[in-house]
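Structure file input-v9.pdb; described as PDB, C-alpha atoms.
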MODEL        1
ATOM      1  CA  MET A  11      -6.451  18.651   2.984  1.00  0.00           C
ATOM      2  CA  LYS A  12      -2.738  18.730   2.286  1.00  0.00           C
ATOM      3  CA  LYS A  13      -1.753  16.675  -0.707  1.00  0.00           C
ATOM      4  CA  VAL A  14       1.587  14.994  -1.259  1.00  0.00           C
ATOM      5  CA  LEU A  15       3.845  14.536  -4.252  1.00  0.00           C
ATOM      6  CA  SER A  16       2.484  12.291  -6.961  1.00  0.00           C
ATOM      7  CA  ASN A  17       4.710   9.397  -7.986  1.00  0.00           C
ATOM      8  CA  GLU A  18       5.552  11.278 -11.189  1.00  0.00           C
ATOM      9  CA  ARG A  19       6.641  14.343  -9.234  1.00  0.00           C
ATOM     10  CA  PHE A  20       8.575  12.075  -6.869  1.00  0.00           C
ATOM     11  CA  LYS A  21      10.571  10.768  -9.838  1.00  0.00           C
ATOM     12  CA  GLU A  22      11.339  14.350 -10.858  1.00  0.00           C
ATOM     13  CA  VAL A  23      12.529  15.178  -7.328  1.00  0.00           C
ATOM     14  CA  LEU A  24      14.758  12.096  -7.415  1.00  0.00           C
ATOM     15  CA  SER A  25      16.296  13.179 -10.708  1.00  0.00           C
ATOM     16  CA  LYS A  26      16.966  16.686  -9.362  1.00  0.00           C
ATOM     17  CA  GLY A  27      18.697  15.132  -6.356  1.00  0.00           C
ATOM     18  CA  VAL A  28      17.754  17.598  -3.620  1.00  0.00           C
ATOM     19  CA  VAL A  29      16.157  16.439  -0.357  1.00  0.00           C
ATOM     20  CA  THR A  30      13.174  18.740   0.103  1.00  0.00           C
ATOM     21  CA  GLU A  31      10.374  19.035   2.643  1.00  0.00           C
ATOM     22  CA  GLU A  32       8.010  17.712  -0.027  1.00  0.00           C
ATOM     23  CA  LEU A  33      10.167  14.610  -0.372  1.00  0.00           C
ATOM     24  CA  GLU A  34      10.141  14.049   3.398  1.00  0.00           C
ATOM     25  CA  ALA A  35       6.350  14.512   3.486  1.00  0.00           C
ATOM     26  CA  TYR A  36       5.990  12.083   0.575  1.00  0.00           C
ATOM     27  CA  LEU A  37       8.140   9.461   2.342  1.00  0.00           C
ATOM     28  CA  LYS A  38       6.139   9.878   5.547  1.00  0.00           C
ATOM     29  CA  HIS A  39       2.980   9.356   3.518  1.00  0.00           C
ATOM     30  CA  GLN A  40       4.434   6.156   2.037  1.00  0.00           C
ATOM     31  CA  GLN A  41       5.155   4.969   5.564  1.00  0.00           C
ATOM     32  CA  GLN A  42       1.479   5.421   6.409  1.00  0.00           C
ATOM     33  CA  LEU A  43       0.499   3.573   3.237  1.00  0.00           C
ATOM     34  CA  ASN A  44       2.729   0.749   4.398  1.00  0.00           C
ATOM     35  CA  GLU A  45       1.057   0.675   7.816  1.00  0.00           C
ATOM     36  CA  TYR A  46      -2.448   0.689   6.342  1.00  0.00           C
ATOM     37  CA  GLN A  47      -1.693  -1.295   3.183  1.00  0.00           C
ATOM     38  CA  PHE A  48      -4.418  -3.844   3.810  1.00  0.00           C
ATOM     39  CA  TYR A  49      -7.007  -1.082   3.906  1.00  0.00           C
ATOM     40  CA  LEU A  50      -6.086   0.549   0.613  1.00  0.00           C
ATOM     41  CA  ASN A  51      -8.324   0.587  -2.414  1.00  0.00           C
ATOM     42  CA  ASP A  52      -6.921  -0.784  -5.668  1.00  0.00           C
ATOM     43  CA  GLY A  53      -5.714   2.606  -6.916  1.00  0.00           C
ATOM     44  CA  SER A  54      -3.873   3.521  -3.718  1.00  0.00           C
ATOM     45  CA  PHE A  55      -2.346   0.073  -3.465  1.00  0.00           C
ATOM     46  CA  ALA A  56      -1.060   0.296  -7.051  1.00  0.00           C
ATOM     47  CA  ILE A  57       0.474   3.705  -6.307  1.00  0.00           C
ATOM     48  CA  PHE A  58       2.164   2.309  -3.185  1.00  0.00           C
ATOM     49  CA  GLN A  59       3.462  -0.677  -5.124  1.00  0.00           C
ATOM     50  CA  GLU A  60       4.889   1.643  -7.786  1.00  0.00           C
ATOM     51  CA  PHE A  61       6.762   3.532  -5.055  1.00  0.00           C
ATOM     52  CA  ARG A  62       8.196   0.272  -3.755  1.00  0.00           C
ATOM     53  CA  LYS A  63       9.281  -0.711  -7.246  1.00  0.00           C
ATOM     54  CA  ILE A  64      11.078   2.629  -7.693  1.00  0.00           C
ATOM     55  CA  CYS A  65      12.893   1.941  -4.411  1.00  0.00           C
ATOM     56  CA  ARG A  66      13.832  -1.598  -5.422  1.00  0.00           C
ATOM     57  CA  ASP A  67      15.195  -0.295  -8.739  1.00  0.00           C
ATOM     58  CA  LEU A  68      17.221   2.359  -6.896  1.00  0.00           C
ATOM     59  CA  GLU A  69      18.592  -0.311  -4.595  1.00  0.00           C
ATOM     60  CA  GLN A  70      20.102  -2.099  -7.594  1.00  0.00           C
ATOM     61  CA  LEU A  71      22.170   0.959  -8.532  1.00  0.00           C
ATOM     62  CA  ASP A  72      25.741   1.496  -7.381  1.00  0.00           C
ATOM     63  CA  SER A  73      25.467   3.571  -4.199  1.00  0.00           C
ATOM     64  CA  GLY A  74      28.428   5.653  -5.373  1.00  0.00           C
ATOM     65  CA  ILE A  75      26.397   7.253  -8.151  1.00  0.00           C
ATOM     66  CA  LEU A  76      23.299   8.074  -6.098  1.00  0.00           C
ATOM     67  CA  ASN A  77      22.391  11.701  -5.438  1.00  0.00           C
ATOM     68  CA  ALA A  78      21.194  12.988  -2.048  1.00  0.00           C
ATOM     69  CA  ALA A  79      17.469  12.478  -2.751  1.00  0.00           C
ATOM     70  CA  GLN A  80      18.064   8.937  -3.984  1.00  0.00           C
ATOM     71  CA  LYS A  81      20.232   8.125  -0.949  1.00  0.00           C
ATOM     72  CA  ARG A  82      17.574   9.498   1.413  1.00  0.00           C
ATOM     73  CA  THR A  83      14.909   7.433  -0.331  1.00  0.00           C
ATOM     74  CA  ILE A  84      16.975   4.249  -0.146  1.00  0.00           C
ATOM     75  CA  GLU A  85      17.764   4.900   3.513  1.00  0.00           C
ATOM     76  CA  PHE A  86      14.051   5.378   4.227  1.00  0.00           C
ATOM     77  CA  TYR A  87      13.126   2.268   2.250  1.00  0.00           C
ATOM     78  CA  LYS A  88      15.641   0.069   4.073  1.00  0.00           C
ATOM     79  CA  GLN A  89      14.669   1.361   7.508  1.00  0.00           C
ATOM     80  CA  THR A  90      10.929   1.445   7.051  1.00  0.00           C
ATOM     81  CA  LEU A  91       9.588  -0.565   4.158  1.00  0.00           C
ATOM     82  CA  ASN A  92      12.108  -3.155   3.168  1.00  0.00           C
ATOM     83  CA  VAL A  93      10.346  -6.465   3.731  1.00  0.00           C
ATOM     84  CA  GLN A  94      12.595  -8.618   1.562  1.00  0.00           C
ATOM     85  CA  ALA A  95      11.633 -11.809   3.361  1.00  0.00           C
ATOM     86  CA  PHE A  96       8.048 -11.310   2.294  1.00  0.00           C
ATOM     87  CA  SER A  97       6.223 -10.192  -0.787  1.00  0.00           C
ATOM     88  CA  ILE A  98       2.612  -9.189  -1.066  1.00  0.00           C
ATOM     89  CA  ASN A  99       0.379 -10.964  -3.527  1.00  0.00           C
ATOM     90  CA  SER A 100      -3.123  -9.838  -4.311  1.00  0.00           C
ATOM     91  CA  TYR A 101      -5.973 -12.165  -5.139  1.00  0.00           C
ATOM     92  CA  GLN A 102      -9.712 -11.953  -5.615  1.00  0.00           C
ATOM     93  CA  SER A 103     -11.433 -12.904  -2.392  1.00  0.00           C
ATOM     94  CA  ASP A 104     -14.482 -15.128  -2.275  1.00  0.00           C
ATOM     95  CA  GLU A 105     -16.520 -12.232  -0.896  1.00  0.00           C
ATOM     96  CA  GLY A 106     -15.571  -9.941  -3.766  1.00  0.00           C
ATOM     97  CA  GLY A 107     -12.886  -7.251  -3.927  1.00  0.00           C
ATOM     98  CA  THR A 108      -9.162  -7.578  -3.755  1.00  0.00           C
ATOM     99  CA  ALA A 109      -7.425  -9.183  -0.809  1.00  0.00           C
ATOM    100  CA  TYR A 110      -3.725  -9.204  -0.092  1.00  0.00           C
ATOM    101  CA  LYS A 111      -1.562 -11.753   1.575  1.00  0.00           C
ATOM    102  CA  TYR A 112       2.067 -12.091   2.457  1.00  0.00           C
ATOM    103  CA  THR A 113       3.959 -14.908   0.899  1.00  0.00           C
ATOM    104  CA  ASN A 114       7.445 -15.930   1.805  1.00  0.00           C
ATOM    105  CA  PRO A 115       9.779 -16.364  -1.192  1.00  0.00           C
ATOM    106  CA  ASN A 116      12.032 -18.447   1.043  1.00  0.00           C
ATOM    107  CA  GLY A 117       9.317 -21.081   0.813  1.00  0.00           C
ATOM    108  CA  PHE A 118       9.976 -21.269  -2.908  1.00  0.00           C
ATOM    109  CA  ILE A 119      13.700 -21.653  -2.251  1.00  0.00           C
ATOM    110  CA  ALA A 120      13.032 -24.393   0.321  1.00  0.00           C
ATOM    111  CA  ILE A 121      10.773 -26.354  -2.052  1.00  0.00           C
ATOM    112  CA  SER A 122      13.287 -25.937  -4.896  1.00  0.00           C
ATOM    113  CA  SER A 123      16.081 -27.203  -2.633  1.00  0.00           C
ATOM    114  CA  ILE A 124      14.053 -30.290  -1.701  1.00  0.00           C
ATOM    115  CA  LEU A 125      13.266 -31.036  -5.364  1.00  0.00           C
ATOM    116  CA  ILE A 126      16.904 -30.605  -6.403  1.00  0.00           C
ATOM    117  CA  ALA A 127      18.097 -32.795  -3.515  1.00  0.00           C
ATOM    118  CA  THR A 128      15.520 -35.494  -4.386  1.00  0.00           C
ATOM    119  CA  PHE A 129      16.543 -35.389  -8.042  1.00  0.00           C
ATOM    120  CA  ALA A 130      20.257 -35.604  -7.159  1.00  0.00           C
ATOM    121  CA  THR A 131      19.616 -38.538  -4.794  1.00  0.00           C
ATOM    122  CA  GLY A 132      17.680 -40.345  -7.533  1.00  0.00           C
ATOM    123  CA  ILE A 133      20.519 -39.916 -10.010  1.00  0.00           C
ATOM    124  CA  THR A 134      23.065 -41.113  -7.429  1.00  0.00           C
ATOM    125  CA  ILE A 135      21.043 -44.262  -6.660  1.00  0.00           C
ATOM    126  CA  ALA A 136      20.590 -44.912 -10.392  1.00  0.00           C
ATOM    127  CA  LEU A 137      24.332 -44.558 -10.985  1.00  0.00           C
ATOM    128  CA  VAL A 138      25.145 -46.924  -8.079  1.00  0.00           C
ATOM    129  CA  LEU A 139      22.662 -49.504  -9.405  1.00  0.00           C
ATOM    130  CA  LEU A 140      24.041 -49.194 -12.942  1.00  0.00           C
ATOM    131  CA  SER A 141      27.601 -49.611 -11.723  1.00  0.00           C
ATOM    132  CA  LYS A 142      26.599 -52.765  -9.757  1.00  0.00           C
ATOM    133  CA  ILE A 143      24.776 -54.227 -12.760  1.00  0.00           C
ATOM    134  CA  SER A 144      27.726 -53.624 -15.054  1.00  0.00           C
TER     135      SER A 144
ATOM    136  CA  MET B 179     -23.253  13.671  -7.833  1.00  0.00           C
ATOM    137  CA  ILE B 180     -20.223  12.128  -6.160  1.00  0.00           C
ATOM    138  CA  GLY B 181     -21.121  14.043  -2.997  1.00  0.00           C
ATOM    139  CA  LYS B 182     -24.537  12.385  -2.876  1.00  0.00           C
ATOM    140  CA  ILE B 183     -23.033   8.951  -3.450  1.00  0.00           C
ATOM    141  CA  ASN B 184     -20.489   9.489  -0.672  1.00  0.00           C
ATOM    142  CA  ALA B 185     -23.225  10.650   1.721  1.00  0.00           C
ATOM    143  CA  ILE B 186     -25.277   7.524   0.992  1.00  0.00           C
ATOM    144  CA  VAL B 187     -22.250   5.251   1.378  1.00  0.00           C
ATOM    145  CA  LEU B 188     -21.336   6.847   4.720  1.00  0.00           C
ATOM    146  CA  GLU B 189     -24.914   6.514   5.950  1.00  0.00           C
ATOM    147  CA  ALA B 190     -24.941   2.818   5.031  1.00  0.00           C
ATOM    148  CA  ILE B 191     -21.622   2.278   6.825  1.00  0.00           C
ATOM    149  CA  GLN B 192     -22.937   4.042   9.918  1.00  0.00           C
ATOM    150  CA  LYS B 193     -25.942   1.727  10.002  1.00  0.00           C
ATOM    151  CA  PHE B 194     -23.543  -1.191   9.808  1.00  0.00           C
ATOM    152  CA  ASN B 195     -21.215   0.236  12.479  1.00  0.00           C
ATOM    153  CA  PRO B 196     -22.628   2.939  14.798  1.00  0.00           C
ATOM    154  CA  ASN B 197     -19.099   3.616  16.166  1.00  0.00           C
ATOM    155  CA  ILE B 198     -18.618   5.670  13.013  1.00  0.00           C
ATOM    156  CA  ASN B 199     -21.564   7.987  13.700  1.00  0.00           C
ATOM    157  CA  SER B 200     -19.209  10.733  14.843  1.00  0.00           C
ATOM    158  CA  ILE B 201     -17.991  11.128  11.243  1.00  0.00           C
ATOM    159  CA  HIS B 202     -20.088  13.641   9.311  1.00  0.00           C
ATOM    160  CA  ILE B 203     -20.308  14.608   5.675  1.00  0.00           C
ATOM    161  CA  ASN B 204     -21.560  17.905   4.291  1.00  0.00           C
ATOM    162  CA  ASN B 205     -21.077  19.121   0.719  1.00  0.00           C
ATOM    163  CA  ASN B 206     -18.691  16.187   0.220  1.00  0.00           C
ATOM    164  CA  ILE B 207     -16.490  17.388   3.080  1.00  0.00           C
ATOM    165  CA  LEU B 208     -15.908  14.657   5.597  1.00  0.00           C
ATOM    166  CA  SER B 209     -15.281  15.705   9.178  1.00  0.00           C
ATOM    167  CA  LEU B 210     -14.337  14.142  12.475  1.00  0.00           C
ATOM    168  CA  ASN B 211     -13.810  16.364  15.520  1.00  0.00           C
ATOM    169  CA  ASN B 212     -11.901  19.348  14.138  1.00  0.00           C
ATOM    170  CA  GLU B 213     -10.451  17.690  11.061  1.00  0.00           C
ATOM    171  CA  ASN B 214     -11.964  18.017   7.594  1.00  0.00           C
ATOM    172  CA  ILE B 215     -11.303  16.204   4.325  1.00  0.00           C
ATOM    173  CA  ASP B 216     -12.555  17.540   1.016  1.00  0.00           C
ATOM    174  CA  LEU B 217     -13.253  14.308  -0.830  1.00  0.00           C
ATOM    175  CA  GLU B 218     -13.411  16.077  -4.225  1.00  0.00           C
ATOM    176  CA  ASN B 219     -13.983  13.249  -6.707  1.00  0.00           C
ATOM    177  CA  PHE B 220     -12.845  10.476  -4.371  1.00  0.00           C
ATOM    178  CA  ASN B 221     -15.489   7.770  -4.190  1.00  0.00           C
ATOM    179  CA  LEU B 222     -15.977   6.203  -0.751  1.00  0.00           C
ATOM    180  CA  GLU B 223     -17.312   3.057  -2.389  1.00  0.00           C
ATOM    181  CA  SER B 224     -13.813   2.294  -3.689  1.00  0.00           C
ATOM    182  CA  LEU B 225     -12.710   1.544  -0.113  1.00  0.00           C
ATOM    183  CA  PHE B 226     -14.568  -1.738  -0.340  1.00  0.00           C
ATOM    184  CA  GLU B 227     -12.053  -2.986  -2.873  1.00  0.00           C
ATOM    185  CA  SER B 228     -10.107  -3.909   0.256  1.00  0.00           C
ATOM    186  CA  TYR B 229     -11.181  -7.287   1.564  1.00  0.00           C
ATOM    187  CA  GLN B 230      -9.583  -6.530   4.907  1.00  0.00           C
ATOM    188  CA  LEU B 231     -11.604  -3.351   5.340  1.00  0.00           C
ATOM    189  CA  LYS B 232     -14.846  -5.194   4.709  1.00  0.00           C
ATOM    190  CA  LYS B 233     -13.758  -7.767   7.245  1.00  0.00           C
ATOM    191  CA  ASP B 234     -12.758  -5.308   9.977  1.00  0.00           C
ATOM    192  CA  LEU B 235     -15.258  -2.511   9.397  1.00  0.00           C
ATOM    193  CA  GLN B 236     -17.852  -3.715  11.861  1.00  0.00           C
ATOM    194  CA  ASN B 237     -15.544  -3.255  14.841  1.00  0.00           C
ATOM    195  CA  MET B 238     -13.546  -0.276  13.618  1.00  0.00           C
ATOM    196  CA  ASP B 239     -13.463   2.975  15.566  1.00  0.00           C
ATOM    197  CA  ALA B 240     -14.253   6.306  13.929  1.00  0.00           C
ATOM    198  CA  GLU B 241     -10.710   7.655  14.095  1.00  0.00           C
ATOM    199  CA  THR B 242      -9.187   4.637  12.363  1.00  0.00           C
ATOM    200  CA  PHE B 243     -11.832   4.680   9.654  1.00  0.00           C
ATOM    201  CA  PHE B 244     -11.385   8.416   9.154  1.00  0.00           C
ATOM    202  CA  ASN B 245      -7.602   7.947   8.804  1.00  0.00           C
ATOM    203  CA  ILE B 246      -8.110   5.195   6.245  1.00  0.00           C
ATOM    204  CA  ILE B 247     -10.378   7.434   4.170  1.00  0.00           C
ATOM    205  CA  LYS B 248      -7.917  10.327   4.456  1.00  0.00           C
ATOM    206  CA  LEU B 249      -4.954   8.193   3.426  1.00  0.00           C
ATOM    207  CA  ASN B 250      -6.742   6.760   0.397  1.00  0.00           C
ATOM    208  CA  ALA B 251      -8.175  10.119  -0.655  1.00  0.00           C
ATOM    209  CA  ILE B 252      -4.827  11.943  -0.388  1.00  0.00           C
ATOM    210  CA  THR B 253      -3.092   9.182  -2.347  1.00  0.00           C
ATOM    211  CA  ILE B 254      -5.628   9.104  -5.166  1.00  0.00           C
ATOM    212  CA  LEU B 255      -6.204  12.851  -5.412  1.00  0.00           C
ATOM    213  CA  SER B 256      -2.482  13.699  -5.266  1.00  0.00           C
ATOM    214  CA  ASN B 257      -1.736  11.331  -8.094  1.00  0.00           C
ATOM    215  CA  GLU B 258      -4.637  12.564 -10.197  1.00  0.00           C
ATOM    216  CA  THR B 259      -3.606  16.196 -10.113  1.00  0.00           C
ATOM    217  CA  GLY B 260       0.084  15.953  -9.339  1.00  0.00           C
ATOM    218  CA  GLU B 261      -0.313  18.852  -6.925  1.00  0.00           C
ATOM    219  CA  ILE B 262       1.701  19.281  -3.777  1.00  0.00           C
TER     220      ILE B 262
ENDMDL
END
So, in terms of structure tokens, how does the structure I just supplied come out?
Amino acid sequence: MKKVLSNERFKEVLSKGVVTEELEAYLKHQQQLNEYQFYLNDGSFAIFQEFRKICRDLEQLDSGILNAAQKRTIEFYKQTLNVQAFSINSYQSDEGGTAYKYTNPNGFIAISSILIATFATGITIALVLLSKIS
Amino acid sequence: MIGKINAIVLEAIQKFNPNINSIHINNNILSLNNENIDLENFNLESLFESYQLKKDLQNMDAETFFNIIKLNAITILSNETGEI
């Protein structure tokens, strides 16, 4: 059975900056983890999540300072794994074990917008009433 | 020890889903057709940490289940040893 880079070794490869066959094999493996993410045990899922976090951190960096390995990783992440509209949350299922579900952070934004709009409307009405009373 | 546990777990799964009968285990080496996986210290029981797997296992085909085991085993074993 052919193993792949560990996440620790992946970080070392990133710091060295060279795109190697091992890096490509590692990225391909991450793609498979993404495809089968709902069938991963807790350990594998945590390892996959760590990879995604490394990618998200890289994404925050100025692209001008990225080396070749980092650029390749970001390119792979954007093309294959970047699911910004969704995030995965884990929870304990009723039947035991860990279950995962997608949640949409835009839902949070939508609810926040409604609350802010309601609050602003309330203040406006209060101000109008106060001005009429005075 | 882990080999015995994995053999028992596989046997139980096969009773639950006979589609998986084409997967064999011998000396902790899992095989399907011509492909083998040395499970080393990977515990098949850990697969049931996935709610989705428990849900879908009954109707899963052997190849899919074999790939899921392989993916999990490679991930865990690679990160334990740090080997390439």
*Could you jot down the atom CA of A:Arg82 to atom CA of A:Glu45 separation for me, Å, one decimal place?*
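Going from atom CA of A:Arg82 over to atom CA of A:Glu45, I get 19.8 Å.
Pairwise distance (atom CA of B:Asn195, atom CA of B:Gln236) equals 5.2 Å.
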*Expected answer as JSON, numbers by chain: chain B residues within 7 Å of chain A, all atoms listed in the file*: {"B": [215, 216, 224, 225, 226, 227, 228, 229, 230, 231, 246, 250, 252, 253, 254, 256, 257, 260, 261, 262]}
_stretch 180-186 of chain B surroundings by all atoms listed in the file, 7 Å radius, close-in-sequence under 4 positions cut, as a list in words_ = Ala190, Ile203, Asn205, Asn206, Asn219, Asn221 and Leu222 of chain B
*Separation of atom CA of B:Asn204 and atom CA of B:Asp239, in Å?*
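If I compute the distance from atom CA of B:Asn204 to atom CA of B:Asp239, I get 20.4 Å.
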*Name the residues that the PyMOL selection byres ((chain B and resi 210) around 9) pulls out of this structure, and write them as a PyMOL selection string.*
chain B and resi 200-202+208-209+211-215+240-241+244
Start from the incomplete input, build N, CA, C and O atoms for stretch 192-211 of chain B, and deliver everything as a PDB file, keeping the file's coordinate frame.
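Heads up, here's the output in out_34.pdb:
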ATOM      1  N   GLN B 192     -22.571   3.699   8.537  1.00  0.00           N
ATOM      2  CA  GLN B 192     -22.937   4.042   9.918  1.00  0.00           C
ATOM      3  C   GLN B 192     -24.043   3.133  10.457  1.00  0.00           C
ATOM      4  O   GLN B 192     -24.089   2.859  11.649  1.00  0.00           O
ATOM      5  N   LYS B 193     -24.916   2.677   9.561  1.00  0.00           N
ATOM      6  CA  LYS B 193     -25.942   1.727  10.002  1.00  0.00           C
ATOM      7  C   LYS B 193     -25.295   0.384  10.356  1.00  0.00           C
ATOM      8  O   LYS B 193     -25.723  -0.308  11.277  1.00  0.00           O
ATOM      9  N   PHE B 194     -24.274   0.053   9.610  1.00  0.00           N
ATOM     10  CA  PHE B 194     -23.543  -1.191   9.808  1.00  0.00           C
ATOM     11  C   PHE B 194     -22.692  -1.119  11.079  1.00  0.00           C
ATOM     12  O   PHE B 194     -22.558  -2.096  11.811  1.00  0.00           O
ATOM     13  N   ASN B 195     -22.079   0.050  11.303  1.00  0.00           N
ATOM     14  CA  ASN B 195     -21.215   0.236  12.479  1.00  0.00           C
ATOM     15  C   ASN B 195     -21.486   1.603  13.113  1.00  0.00           C
ATOM     16  O   ASN B 195     -20.934   2.611  12.672  1.00  0.00           O
ATOM     17  N   PRO B 196     -22.294   1.660  14.147  1.00  0.00           N
ATOM     18  CA  PRO B 196     -22.628   2.939  14.798  1.00  0.00           C
ATOM     19  C   PRO B 196     -21.430   3.646  15.432  1.00  0.00           C
ATOM     20  O   PRO B 196     -21.520   4.841  15.736  1.00  0.00           O
ATOM     21  N   ASN B 197     -20.303   2.944  15.636  1.00  0.00           N
ATOM     22  CA  ASN B 197     -19.099   3.616  16.166  1.00  0.00           C
ATOM     23  C   ASN B 197     -18.684   4.776  15.283  1.00  0.00           C
ATOM     24  O   ASN B 197     -18.003   5.703  15.712  1.00  0.00           O
ATOM     25  N   ILE B 198     -19.090   4.704  14.012  1.00  0.00           N
ATOM     26  CA  ILE B 198     -18.618   5.670  13.013  1.00  0.00           C
ATOM     27  C   ILE B 198     -19.562   6.882  12.915  1.00  0.00           C
ATOM     28  O   ILE B 198     -19.317   7.802  12.162  1.00  0.00           O
ATOM     29  N   ASN B 199     -20.577   6.894  13.756  1.00  0.00           N
ATOM     30  CA  ASN B 199     -21.564   7.987  13.700  1.00  0.00           C
ATOM     31  C   ASN B 199     -20.966   9.379  13.933  1.00  0.00           C
ATOM     32  O   ASN B 199     -21.562  10.382  13.545  1.00  0.00           O
ATOM     33  N   SER B 200     -19.808   9.413  14.570  1.00  0.00           N
ATOM     34  CA  SER B 200     -19.209  10.733  14.843  1.00  0.00           C
ATOM     35  C   SER B 200     -18.555  11.342  13.601  1.00  0.00           C
ATOM     36  O   SER B 200     -18.125  12.485  13.628  1.00  0.00           O
ATOM     37  N   ILE B 201     -18.498  10.582  12.517  1.00  0.00           N
ATOM     38  CA  ILE B 201     -17.991  11.128  11.243  1.00  0.00           C
ATOM     39  C   ILE B 201     -19.180  11.736  10.502  1.00  0.00           C
ATOM     40  O   ILE B 201     -20.232  11.109  10.385  1.00  0.00           O
ATOM     41  N   HIS B 202     -19.003  12.952  10.025  1.00  0.00           N
ATOM     42  CA  HIS B 202     -20.088  13.641   9.311  1.00  0.00           C
ATOM     43  C   HIS B 202     -19.636  14.004   7.905  1.00  0.00           C
ATOM     44  O   HIS B 202     -18.434  14.152   7.642  1.00  0.00           O
ATOM     45  N   ILE B 203     -20.625  14.164   7.040  1.00  0.00           N
ATOM     46  CA  ILE B 203     -20.308  14.608   5.675  1.00  0.00           C
ATOM     47  C   ILE B 203     -21.297  15.712   5.280  1.00  0.00           C
ATOM     48  O   ILE B 203     -22.498  15.601   5.513  1.00  0.00           O
ATOM     49  N   ASN B 204     -20.730  16.787   4.725  1.00  0.00           N
ATOM     50  CA  ASN B 204     -21.560  17.905   4.291  1.00  0.00           C
ATOM     51  C   ASN B 204     -20.905  18.533   3.056  1.00  0.00           C
ATOM     52  O   ASN B 204     -19.729  18.910   3.106  1.00  0.00           O
ATOM     53  N   ASN B 205     -21.641  18.617   1.983  1.00  0.00           N
ATOM     54  CA  ASN B 205     -21.077  19.121   0.719  1.00  0.00           C
ATOM     55  C   ASN B 205     -19.809  18.365   0.324  1.00  0.00           C
ATOM     56  O   ASN B 205     -18.827  18.968  -0.134  1.00  0.00           O
ATOM     57  N   ASN B 206     -19.811  17.082   0.550  1.00  0.00           N
ATOM     58  CA  ASN B 206     -18.691  16.187   0.220  1.00  0.00           C
ATOM     59  C   ASN B 206     -17.436  16.470   1.051  1.00  0.00           C
ATOM     60  O   ASN B 206     -16.342  16.058   0.682  1.00  0.00           O
ATOM     61  N   ILE B 207     -17.617  17.187   2.158  1.00  0.00           N
ATOM     62  CA  ILE B 207     -16.490  17.388   3.080  1.00  0.00           C
ATOM     63  C   ILE B 207     -16.727  16.514   4.304  1.00  0.00           C
ATOM     64  O   ILE B 207     -17.736  16.652   5.000  1.00  0.00           O
ATOM     65  N   LEU B 208     -15.796  15.622   4.505  1.00  0.00           N
ATOM     66  CA  LEU B 208     -15.908  14.657   5.597  1.00  0.00           C
ATOM     67  C   LEU B 208     -15.266  15.277   6.835  1.00  0.00           C
ATOM     68  O   LEU B 208     -14.195  15.891   6.740  1.00  0.00           O
ATOM     69  N   SER B 209     -15.892  15.111   7.983  1.00  0.00           N
ATOM     70  CA  SER B 209     -15.281  15.705   9.178  1.00  0.00           C
ATOM     71  C   SER B 209     -15.397  14.776  10.381  1.00  0.00           C
ATOM     72  O   SER B 209     -16.373  14.030  10.537  1.00  0.00           O
ATOM     73  N   LEU B 210     -14.362  14.844  11.194  1.00  0.00           N
ATOM     74  CA  LEU B 210     -14.337  14.142  12.475  1.00  0.00           C
ATOM     75  C   LEU B 210     -13.644  15.080  13.461  1.00  0.00           C
ATOM     76  O   LEU B 210     -12.504  15.507  13.213  1.00  0.00           O
ATOM     77  N   ASN B 211     -14.314  15.382  14.552  1.00  0.00           N
ATOM     78  CA  ASN B 211     -13.810  16.364  15.520  1.00  0.00           C
ATOM     79  C   ASN B 211     -13.485  17.664  14.777  1.00  0.00           C
ATOM     80  O   ASN B 211     -14.342  18.223  14.140  1.00  0.00           O
TER      81      ASN B 211
END
